[in-house]
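Enquirer: This is upload.txt (compact mmCIF, C-alpha atoms and all ligand atoms).
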```
# COMPACT_ATOMS: atom_id res chain seq x y z
CA MET A 884 47.60 -96.54 -39.63
CA GLY A 885 47.20 -93.03 -38.24
CA THR A 886 46.87 -89.81 -40.20
CA GLU A 887 50.43 -90.05 -41.46
CA GLY A 888 49.82 -93.51 -42.83
CA ASN A 889 46.57 -92.42 -44.45
CA LEU A 890 48.28 -89.49 -46.13
CA ARG A 891 51.11 -91.71 -47.35
CA LEU A 892 48.60 -94.10 -48.92
CA ILE A 893 46.59 -91.30 -50.51
CA ARG A 894 49.80 -90.00 -52.09
CA LYS A 895 50.74 -93.46 -53.27
CA ILE A 896 47.51 -94.92 -54.63
CA LYS A 897 45.58 -91.71 -55.47
CA PRO A 898 42.21 -93.28 -54.59
CA ASP A 899 38.98 -92.66 -56.50
CA VAL A 900 36.86 -93.23 -53.41
CA LEU A 901 37.33 -92.59 -49.69
CA ILE A 902 35.04 -94.27 -47.18
CA GLY A 903 34.84 -93.41 -43.49
CA MET A 904 33.35 -91.44 -40.64
CA PRO A 905 32.76 -87.77 -41.49
CA THR A 906 35.03 -86.27 -38.87
CA PHE A 907 37.86 -88.74 -39.51
CA ILE A 908 37.71 -88.11 -43.25
CA TYR A 909 37.50 -84.39 -42.63
CA HIS A 910 40.60 -84.55 -40.48
CA VAL A 911 42.59 -86.55 -43.04
CA LEU A 912 41.56 -84.32 -45.95
CA LEU A 913 42.33 -81.18 -43.96
CA GLU A 914 45.85 -82.47 -43.21
CA ALA A 915 46.25 -83.56 -46.84
CA ALA A 916 45.29 -80.10 -48.09
CA LYS A 917 47.68 -78.49 -45.60
CA GLU A 918 50.55 -80.63 -46.82
CA GLY A 919 49.74 -79.91 -50.46
CA VAL A 920 48.83 -83.52 -51.26
CA ARG A 921 47.27 -83.97 -54.72
CA CYS A 922 44.51 -86.49 -55.31
CA GLU A 923 42.98 -85.57 -58.67
CA ASN A 924 41.28 -88.98 -59.02
CA LEU A 925 39.07 -88.49 -55.99
CA ARG A 926 35.46 -88.72 -57.18
CA ARG A 927 33.55 -89.95 -54.17
CA VAL A 928 33.59 -89.59 -50.43
CA VAL A 929 31.28 -92.15 -48.82
CA LEU A 930 30.32 -91.43 -45.24
CA GLY A 931 28.95 -93.68 -42.54
CA GLY A 932 28.33 -93.80 -38.82
CA GLU A 933 26.89 -90.34 -38.39
CA LYS A 934 24.49 -88.02 -40.06
CA VAL A 935 25.86 -85.72 -42.70
CA SER A 936 24.74 -82.10 -42.72
CA ASP A 937 24.88 -79.72 -45.68
CA GLY A 938 27.75 -77.96 -43.96
CA VAL A 939 29.81 -81.16 -43.76
CA ARG A 940 29.11 -81.91 -47.41
CA ARG A 941 30.22 -78.44 -48.41
CA LYS A 942 33.39 -78.58 -46.32
CA LEU A 943 34.40 -82.01 -47.64
CA ALA A 944 33.70 -80.96 -51.22
CA ASN A 945 35.86 -77.86 -50.76
CA LEU A 946 38.69 -79.98 -49.37
CA GLY A 947 38.31 -82.32 -52.34
CA SER A 948 38.83 -79.39 -54.71
CA ALA A 949 41.83 -78.28 -52.68
CA LEU A 950 43.34 -81.71 -53.43
CA GLY A 951 42.74 -81.20 -57.15
CA SER A 952 39.54 -83.18 -57.61
CA THR A 953 37.32 -81.53 -60.20
CA ARG A 954 34.22 -83.63 -59.64
CA ILE A 955 33.39 -85.06 -56.27
CA ASP A 956 30.22 -86.60 -54.79
CA ILE A 957 29.74 -86.62 -51.04
CA ILE A 958 27.52 -89.62 -50.29
CA ALA A 959 25.94 -90.47 -46.96
CA THR A 960 24.96 -93.99 -45.97
CA TYR A 961 22.45 -95.15 -43.39
CA GLY A 962 22.82 -98.43 -41.54
CA PHE A 963 22.53 -100.08 -38.16
CA THR A 964 23.95 -103.26 -36.65
CA GLU A 965 20.70 -105.24 -36.62
CA ALA A 966 20.19 -104.74 -40.36
CA LYS A 967 23.65 -106.09 -41.25
CA MET A 968 23.61 -103.81 -44.26
CA ALA A 969 23.56 -100.16 -45.18
CA TRP A 970 21.83 -97.99 -47.72
CA GLY A 971 23.46 -95.31 -49.80
CA GLU A 972 22.23 -91.98 -51.00
CA CYS A 973 22.00 -91.22 -54.67
CA PRO A 974 24.81 -88.86 -55.66
CA CYS A 975 23.66 -85.40 -56.66
CA ALA A 976 24.97 -81.85 -56.99
CA LEU A 977 25.86 -80.08 -53.74
CA ASP A 978 23.12 -77.49 -54.18
CA ALA A 979 20.45 -80.07 -55.15
CA THR A 980 18.06 -81.70 -52.70
CA PRO A 981 19.40 -85.20 -52.00
CA GLY A 982 17.26 -88.00 -53.47
CA GLY A 983 17.40 -89.99 -50.25
CA TYR A 984 18.62 -93.46 -49.35
CA HIS A 985 17.81 -96.04 -52.00
CA LEU A 986 16.36 -99.20 -50.44
CA TYR A 987 16.63 -102.82 -51.58
CA PRO A 988 13.03 -104.09 -51.35
CA ASP A 989 14.12 -107.66 -52.11
CA LEU A 990 16.34 -107.73 -49.02
CA GLY A 991 14.17 -106.06 -46.41
CA ILE A 992 11.04 -104.10 -45.58
CA PHE A 993 11.13 -100.62 -44.13
CA GLU A 994 8.09 -99.15 -42.46
CA VAL A 995 7.64 -95.69 -40.97
CA ILE A 996 5.43 -95.57 -37.89
CA ASN A 997 4.01 -93.08 -35.48
CA PRO A 998 6.19 -93.84 -32.42
CA ARG A 999 3.36 -93.23 -29.99
CA THR A 1000 0.71 -95.43 -31.61
CA GLY A 1001 2.83 -97.89 -33.56
CA GLU A 1002 0.61 -97.26 -36.60
CA ARG A 1003 2.15 -96.91 -40.02
CA VAL A 1004 2.11 -93.39 -41.42
CA SER A 1005 1.41 -92.47 -45.04
CA SER A 1006 4.08 -92.20 -47.67
CA GLY A 1007 6.18 -89.05 -47.26
CA GLU A 1008 5.22 -88.53 -43.62
CA PRO A 1009 7.77 -88.40 -40.81
CA GLY A 1010 8.09 -91.11 -38.19
CA GLU A 1011 10.21 -93.83 -36.65
CA LEU A 1012 11.94 -96.34 -38.91
CA VAL A 1013 11.02 -100.00 -38.45
CA PHE A 1014 12.93 -102.71 -40.29
CA THR A 1015 12.32 -106.36 -41.16
CA PRO A 1016 15.02 -108.22 -43.10
CA LEU A 1017 13.87 -110.75 -45.70
CA ASP A 1018 17.15 -112.49 -46.30
CA ALA A 1019 19.12 -112.25 -43.06
CA ARG A 1020 21.17 -115.02 -41.44
CA GLY A 1021 22.02 -115.60 -37.80
CA THR A 1022 20.21 -113.30 -35.40
CA VAL A 1023 17.16 -112.00 -37.22
CA VAL A 1024 14.92 -109.16 -36.13
CA LEU A 1025 11.26 -108.72 -36.99
CA ARG A 1026 9.68 -105.29 -37.27
CA TYR A 1027 12.67 -103.92 -35.42
CA ARG A 1028 12.16 -100.43 -34.03
CA THR A 1029 15.35 -98.55 -34.77
CA GLY A 1030 14.67 -95.52 -32.58
CA ASP A 1031 15.68 -93.48 -35.64
CA PHE A 1032 13.38 -90.78 -36.92
CA ILE A 1033 13.11 -89.73 -40.54
CA ASP A 1034 11.58 -86.35 -41.26
CA GLY A 1035 10.81 -86.88 -44.95
CA GLY A 1036 9.41 -90.40 -44.67
CA LEU A 1037 9.34 -93.25 -47.16
CA VAL A 1038 8.51 -92.42 -50.77
CA TYR A 1039 7.88 -94.53 -53.87
CA GLU A 1040 8.20 -92.06 -56.74
CA PRO A 1041 11.15 -92.49 -59.09
CA CYS A 1042 14.36 -90.88 -57.82
CA PRO A 1043 14.65 -87.34 -59.24
CA HIS A 1044 18.39 -87.86 -59.83
CA CYS A 1045 18.80 -91.36 -61.30
CA GLY A 1046 15.20 -92.31 -62.15
CA ARG A 1047 15.37 -95.64 -60.30
CA LYS A 1048 12.06 -96.81 -58.91
CA MET A 1049 12.98 -98.48 -55.63
CA PRO A 1050 11.58 -96.99 -52.42
CA ARG A 1051 13.59 -94.21 -50.86
CA LEU A 1052 14.01 -92.75 -47.38
CA VAL A 1053 14.14 -88.97 -47.70
CA GLY A 1054 15.12 -86.16 -45.35
CA ASN A 1055 17.19 -86.21 -42.20
CA ILE A 1056 17.50 -89.24 -39.95
CA SER A 1057 18.10 -88.60 -36.28
CA ARG A 1058 18.29 -90.79 -33.23
CA SER A 1059 15.71 -90.30 -30.53
CA SER A 1060 18.34 -90.85 -27.85
CA GLU A 1061 19.94 -87.58 -28.89
CA VAL A 1062 17.12 -85.71 -27.24
CA LYS A 1063 18.36 -85.27 -23.69
CA GLU A 1064 17.27 -83.53 -20.60
CA MET A 1065 19.52 -80.85 -19.23
CA ARG A 1066 19.20 -78.93 -16.03
CA LEU A 1067 20.09 -75.54 -17.38
CA ASP A 1068 18.76 -73.80 -14.31
CA LYS A 1069 17.96 -75.02 -10.83
CA LEU A 1070 14.24 -75.11 -11.40
CA LYS A 1071 13.43 -77.52 -14.17
CA GLY A 1072 14.87 -79.82 -16.77
CA THR A 1073 14.94 -78.69 -20.38
CA LEU A 1074 14.78 -81.16 -23.22
CA VAL A 1075 17.56 -80.47 -25.67
CA ASP A 1076 17.65 -81.98 -29.13
CA PHE A 1077 21.31 -82.57 -29.88
CA ASN A 1078 20.49 -83.35 -33.49
CA GLN A 1079 19.49 -79.75 -33.91
CA LEU A 1080 22.63 -78.49 -32.16
CA GLU A 1081 24.73 -80.65 -34.45
CA HIS A 1082 23.14 -79.11 -37.51
CA VAL A 1083 23.73 -75.62 -36.17
CA LEU A 1084 27.42 -76.44 -35.69
CA ASP A 1085 28.02 -78.43 -38.86
CA ASP A 1086 26.57 -75.64 -40.97
CA ALA A 1087 28.50 -72.86 -39.21
CA GLU A 1088 31.13 -70.97 -41.19
CA HIS A 1089 34.75 -71.00 -39.93
CA VAL A 1090 34.13 -74.08 -37.76
CA GLY A 1091 36.34 -77.01 -38.71
CA ALA A 1092 35.83 -79.70 -36.10
CA TRP A 1093 33.89 -79.39 -32.88
CA GLN A 1094 32.82 -81.19 -29.75
CA LEU A 1095 30.02 -80.39 -27.33
CA GLU A 1096 30.72 -81.21 -23.73
CA LEU A 1097 28.07 -81.47 -21.05
CA ARG A 1098 29.36 -80.98 -17.55
CA LYS A 1099 28.39 -79.88 -14.09
CA ARG A 1100 29.31 -76.39 -13.05
CA ASN A 1101 32.52 -76.58 -10.98
CA ASP A 1102 32.31 -80.40 -11.33
CA ASP A 1103 29.79 -80.34 -8.52
CA PRO A 1104 27.22 -83.12 -9.10
CA LEU A 1105 24.51 -81.05 -7.46
CA GLU A 1106 25.14 -78.03 -9.62
CA VAL A 1107 23.40 -77.03 -12.86
CA ASP A 1108 24.53 -78.38 -16.21
CA GLU A 1109 26.90 -76.49 -18.41
CA LEU A 1110 27.39 -76.75 -22.13
CA VAL A 1111 30.93 -76.18 -23.36
CA LEU A 1112 31.75 -76.02 -27.06
CA HIS A 1113 35.23 -77.06 -28.18
CA VAL A 1114 36.17 -75.74 -31.60
CA GLN A 1115 38.97 -76.13 -34.09
CA LYS A 1116 38.79 -73.21 -36.48
CA ALA A 1117 38.73 -73.91 -40.20
CA ASP A 1118 40.50 -70.66 -41.07
CA SER A 1119 42.11 -67.63 -39.49
CA VAL A 1120 38.92 -65.90 -38.36
CA ALA A 1121 39.39 -63.93 -35.12
CA ASP A 1122 38.39 -65.76 -31.91
CA GLU A 1123 36.18 -62.90 -30.74
CA LYS A 1124 34.26 -62.77 -34.01
CA LEU A 1125 33.66 -66.52 -34.09
CA ILE A 1126 32.53 -66.56 -30.45
CA ARG A 1127 30.08 -63.76 -31.21
CA ASP A 1128 28.81 -65.48 -34.40
CA LEU A 1129 28.35 -68.85 -32.73
CA ASN A 1130 26.56 -67.40 -29.72
CA ASN A 1131 24.21 -65.47 -32.01
CA ARG A 1132 23.61 -68.60 -34.06
CA PHE A 1133 22.74 -70.67 -31.04
CA VAL A 1134 20.37 -68.04 -29.68
CA ALA A 1135 18.70 -67.60 -33.06
CA ARG A 1136 18.21 -71.28 -33.85
CA THR A 1137 17.98 -73.10 -30.52
CA GLU A 1138 16.84 -72.31 -27.01
CA VAL A 1139 20.20 -73.29 -25.65
CA HIS A 1140 22.98 -70.99 -24.59
CA LEU A 1141 26.60 -72.04 -24.61
CA ASN A 1142 28.39 -71.47 -21.33
CA ARG A 1143 31.76 -71.15 -23.03
CA ILE A 1144 33.64 -71.74 -26.22
CA VAL A 1145 37.17 -73.13 -26.06
CA PHE A 1146 39.51 -73.16 -29.07
CA HIS A 1147 41.90 -76.02 -29.85
CA ASP A 1148 44.45 -76.85 -32.50
CA ALA A 1149 44.06 -79.89 -34.76
CA ASP A 1150 46.03 -82.27 -32.52
CA ALA A 1151 44.11 -81.37 -29.37
CA MET A 1152 40.84 -81.71 -31.26
CA ARG A 1153 41.80 -85.15 -32.51
CA GLU A 1154 42.52 -86.24 -28.97
CA LEU A 1155 39.17 -84.87 -27.79
CA HIS A 1156 37.42 -86.76 -30.56
CA GLY A 1157 39.29 -89.94 -29.74
CA VAL A 1158 40.55 -90.29 -33.32
CA GLY A 1159 42.28 -93.64 -33.62
CA VAL A 1160 41.10 -94.67 -30.14
CA GLN A 1161 37.30 -94.60 -30.22
CA LEU A 1162 35.18 -96.43 -32.74
CA LYS A 1163 33.22 -93.29 -33.40
CA GLU A 1164 34.44 -89.77 -32.90
CA GLN A 1165 33.20 -88.28 -29.69
CA LYS A 1166 31.26 -85.25 -30.86
CA ILE A 1167 29.02 -85.08 -27.83
CA VAL A 1168 30.46 -86.09 -24.48
CA ASP A 1169 28.68 -86.20 -21.17
CA HIS A 1170 30.93 -85.53 -18.20
CA ARG A 1171 28.09 -84.87 -15.82
CA LYS A 1172 28.39 -88.14 -13.96
CA ALA A 1173 32.10 -88.07 -13.43
CA ALA A 1174 33.14 -87.87 -9.80
CA PRO A 1175 34.34 -84.41 -8.86
CA ALA A 1176 38.07 -83.97 -8.55
CA SER A 1177 40.04 -80.85 -7.85
CA GLY A 1178 42.01 -79.28 -10.65
CA ARG A 1179 40.51 -81.76 -13.04
CA SER A 1180 40.48 -80.97 -16.71
CA SER A 1181 38.17 -82.50 -19.28
CA ARG A 1182 40.98 -83.87 -21.39
CA PRO A 1183 41.49 -87.18 -23.15
CA GLU A 1184 42.55 -89.13 -20.09
CA ASP A 1185 38.94 -88.76 -19.03
CA VAL A 1186 37.57 -89.86 -22.34
CA ASN A 1187 38.63 -93.48 -22.11
CA ASP A 1188 38.02 -94.36 -18.53
CA GLY A 1189 34.69 -96.01 -19.33
CA ARG A 1190 32.96 -93.83 -16.78
CA GLY A 1191 31.56 -90.47 -17.78
CA PRO A 1192 31.51 -89.79 -21.48
CA CYS A 1193 29.80 -91.88 -24.05
CA SER A 1194 28.83 -91.61 -27.65
CA ALA A 1195 25.68 -89.84 -28.70
CA GLU A 1196 23.79 -93.10 -29.09
CA THR A 1197 24.35 -94.23 -25.55
CA LEU A 1198 23.75 -91.01 -23.69
CA GLU A 1199 21.20 -91.67 -21.03
CA VAL A 1200 17.90 -89.86 -21.11
CA THR A 1201 16.98 -88.74 -17.63
CA GLY A 1202 13.60 -87.71 -16.37
ZN ZN B 1301 18.70 -92.12 -57.37
```
Please rewrite the model in this file as structure tokens.

Expert:
Amino acid sequence: MGTEGNLRLIRKIKPDVLIGMPTFIYHVLLEAAKEGVRCENLRRVVLGGEKVSDGVRRKLANLGSALGSTRIDIIATYGFTEAKMAWGECPCALDATPGGYHLYPDLGIFEVINPRTGERVSSGEPGELVFTPLDARGTVVLRYRTGDFIDGGLVYEPCPHCGRKMPRLVGNISRSSEVKEMRLDKLKGTLVDFNQLEHVLDDAEHVGAWQLELRKRNDDPLEVDELVLHVQKADSVADEKLIRDLNNRFVARTEVHLNRIVFHDADAMRELHGVGVQLKEQKIVDHRKAAPASGRSSRPEDVNDGRGPCSAETLEVTG
């Protein structure tokens, strides 16, 4: 349908609810706001496929108001293929602590385990999510280890927002495969948690959309790794100021330094993300394995060749 088609439909049917991937929805709402589209009915934005930071919530809520919505809930969902279902968060005010994902205990059992020992942890303690469906059809998994980590654990108290008494998963969920080793210098590998980098970027002011690119210096496979940040600005902030702010932010909150920051307009950013081409937007791409080529640029033609880049979930952990 493309962005144009999406905008046409939003104008025509004035939806109450939009469902999609955070970056795709962000892109559509940004374009809608730019074109002065009104969508006063919009009450919910339901997000799937990726984690949703406070920064993303805030940005989407602001775009909702720009479209004329006076009351909008930004709701994250958690799901994975093997479960054949997903769980939604309870809606709450933007400045409130989310009540977590509400589970359906009649349809499946969640456990939270210590990933090293396999033992279950106590209620409210962090660990890896393990799932057993009770009513699945077809391929069924048993005590399936998701590889996803929840920092707030599984709790049984009534939800502070709606009062329902089903179990809830609270806090941030992150995938273990997003912790990767990078050779930032020639001496040793450094483990980098891309979940943390994502939070730093999603919460940053003036940053609209972004993509982190891992590559080899000078495309030389023997060289050290470089981290390049591609940014589409959300407003008219000066490039120099944003570069300074982002570098300070990275130094303050992570041990990672960006090698460079490259700015793009909305169209270029969409192409980098693979909007309309990839199933999930490509927020972290790994070009480190690509064969070196002279004068090569890291542009979209590289993104779909099935060789170098991959989505965050399939990035290989080395070492
Ligand atoms: Zn609730």

Enquirer: Can you pull out every residue within 12 Å of A:Thr953, counting all atoms listed in the file, but drop anything in the same chain fewer than 2 positions away, and send it as an mmCIF file with C-alpha atoms, in the coordinates of the input?

Expert:
```
data_model
loop_
_atom_site.group_PDB
_atom_site.id
_atom_site.type_symbol
_atom_site.label_atom_id
_atom_site.label_comp_id
_atom_site.auth_asym_id
_atom_site.auth_seq_id
_atom_site.Cartn_x
_atom_site.Cartn_y
_atom_site.Cartn_z
ATOM 1 C CA ASP A 899 38.980 -92.660 -56.500
ATOM 2 C CA ARG A 921 47.270 -83.970 -54.720
ATOM 3 C CA CYS A 922 44.510 -86.490 -55.310
ATOM 4 C CA GLU A 923 42.980 -85.570 -58.670
ATOM 5 C CA ASN A 924 41.280 -88.980 -59.020
ATOM 6 C CA LEU A 925 39.070 -88.490 -55.990
ATOM 7 C CA ARG A 926 35.460 -88.720 -57.180
ATOM 8 C CA ARG A 927 33.550 -89.950 -54.170
ATOM 9 C CA ALA A 944 33.700 -80.960 -51.220
ATOM 10 C CA ASN A 945 35.860 -77.860 -50.760
ATOM 11 C CA LEU A 946 38.690 -79.980 -49.370
ATOM 12 C CA GLY A 947 38.310 -82.320 -52.340
ATOM 13 C CA SER A 948 38.830 -79.390 -54.710
ATOM 14 C CA ALA A 949 41.830 -78.280 -52.680
ATOM 15 C CA LEU A 950 43.340 -81.710 -53.430
ATOM 16 C CA GLY A 951 42.740 -81.200 -57.150
ATOM 17 C CA ILE A 955 33.390 -85.060 -56.270
ATOM 18 C CA ASP A 956 30.220 -86.600 -54.790
#
```

Enquirer: Which residue is closest to A:Val1004? Choose from A:Val1024, A:Asp1034, A:Leu990, A:Cys975 and count only C-alpha atoms.

Expert: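 Result for the nearest residue to A:Val1004: A:Asp1034.
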
Enquirer: Show me, as a PyMOL selection string, the residues that have an atom within 10 Å of A:Arg1047 when counting only C-alpha atoms, minus same-chain residues fewer than 6 positions from it.

Expert: chain A and resi 973+985+1039-1041

Enquirer: Within 9 Å of stretch 907-915 of chain A, counting all atoms listed in the file, which residues qualify if same-chain residues fewer than 2 places away don't, as a ChimeraX atom specification?

Expert: /A:886-887,889-890,893,901-905,917-921,928,930,939,942-943,946-947,950,1091-1092,1117,1149,1153,1158-1159,1163-1164

Enquirer: Could you state the separation of atom CA of A:Lys1116 and atom CA of A:Leu1084 in Å, given to one decimal place?

Expert: 11.8 Å

Enquirer: For ligand ZN 1301 (chain B), list the contacting residues at 6 Å or closer, counting all atoms listed in the file, as a tab-separated table (two decimals) with C-alpha atoms, keeping the file's coordinate frame.

Expert:
```tsv
chain	number	residue	atom	x	y	z
A	973	CYS	CA	22.00	-91.22	-54.67
A	982	GLY	CA	17.26	-88.00	-53.47
A	1042	CYS	CA	14.36	-90.88	-57.82
A	1044	HIS	CA	18.39	-87.86	-59.83
A	1045	CYS	CA	18.80	-91.36	-61.30
A	1046	GLY	CA	15.20	-92.31	-62.15
A	1047	ARG	CA	15.37	-95.64	-60.30
```

Enquirer: Figure out the distance between atom CA of A:Ala966 and atom CA of A:Leu986, please, to one decimal in Å.

Expert: 12.1 Å

Enquirer: Taking all atoms listed in the file into account, which of A:Arg999, A:His1156, A:Lys1166, A:Arg1026 comes nearest A:Leu1080?

Expert: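 Ranking A:Arg999, A:His1156, A:Lys1166, A:Arg1026 by distance to A:Leu1080, first place goes to A:Lys1166.
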
Enquirer: Could you state the separation of atom CA of A:Ile1033 and atom CA of A:Arg1132 in Å, given to one decimal place?

Expert: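 So the two atoms, atom CA of A:Ile1033 and atom CA of A:Arg1132, lie 24.5 Å apart.
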
Enquirer: Could you pull the residues within 9 Å of A:Val935, counting all atoms listed in the file, minus those fewer than 4 positions along the same chain, as an MDAnalysis selection string?

Expert: chainID A and resid 905 930:931 939:940 958:960 1055 1082 1085

Enquirer: With distances taken over only C-alpha atoms, which residue among A:Val1053, A:Ile957, A:Leu1097, A:Phe963 lies nearest A:Thr980?

Expert: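 When distances to A:Thr980 are compared using only C-alpha atoms, the smallest one comes from A:Val1053.
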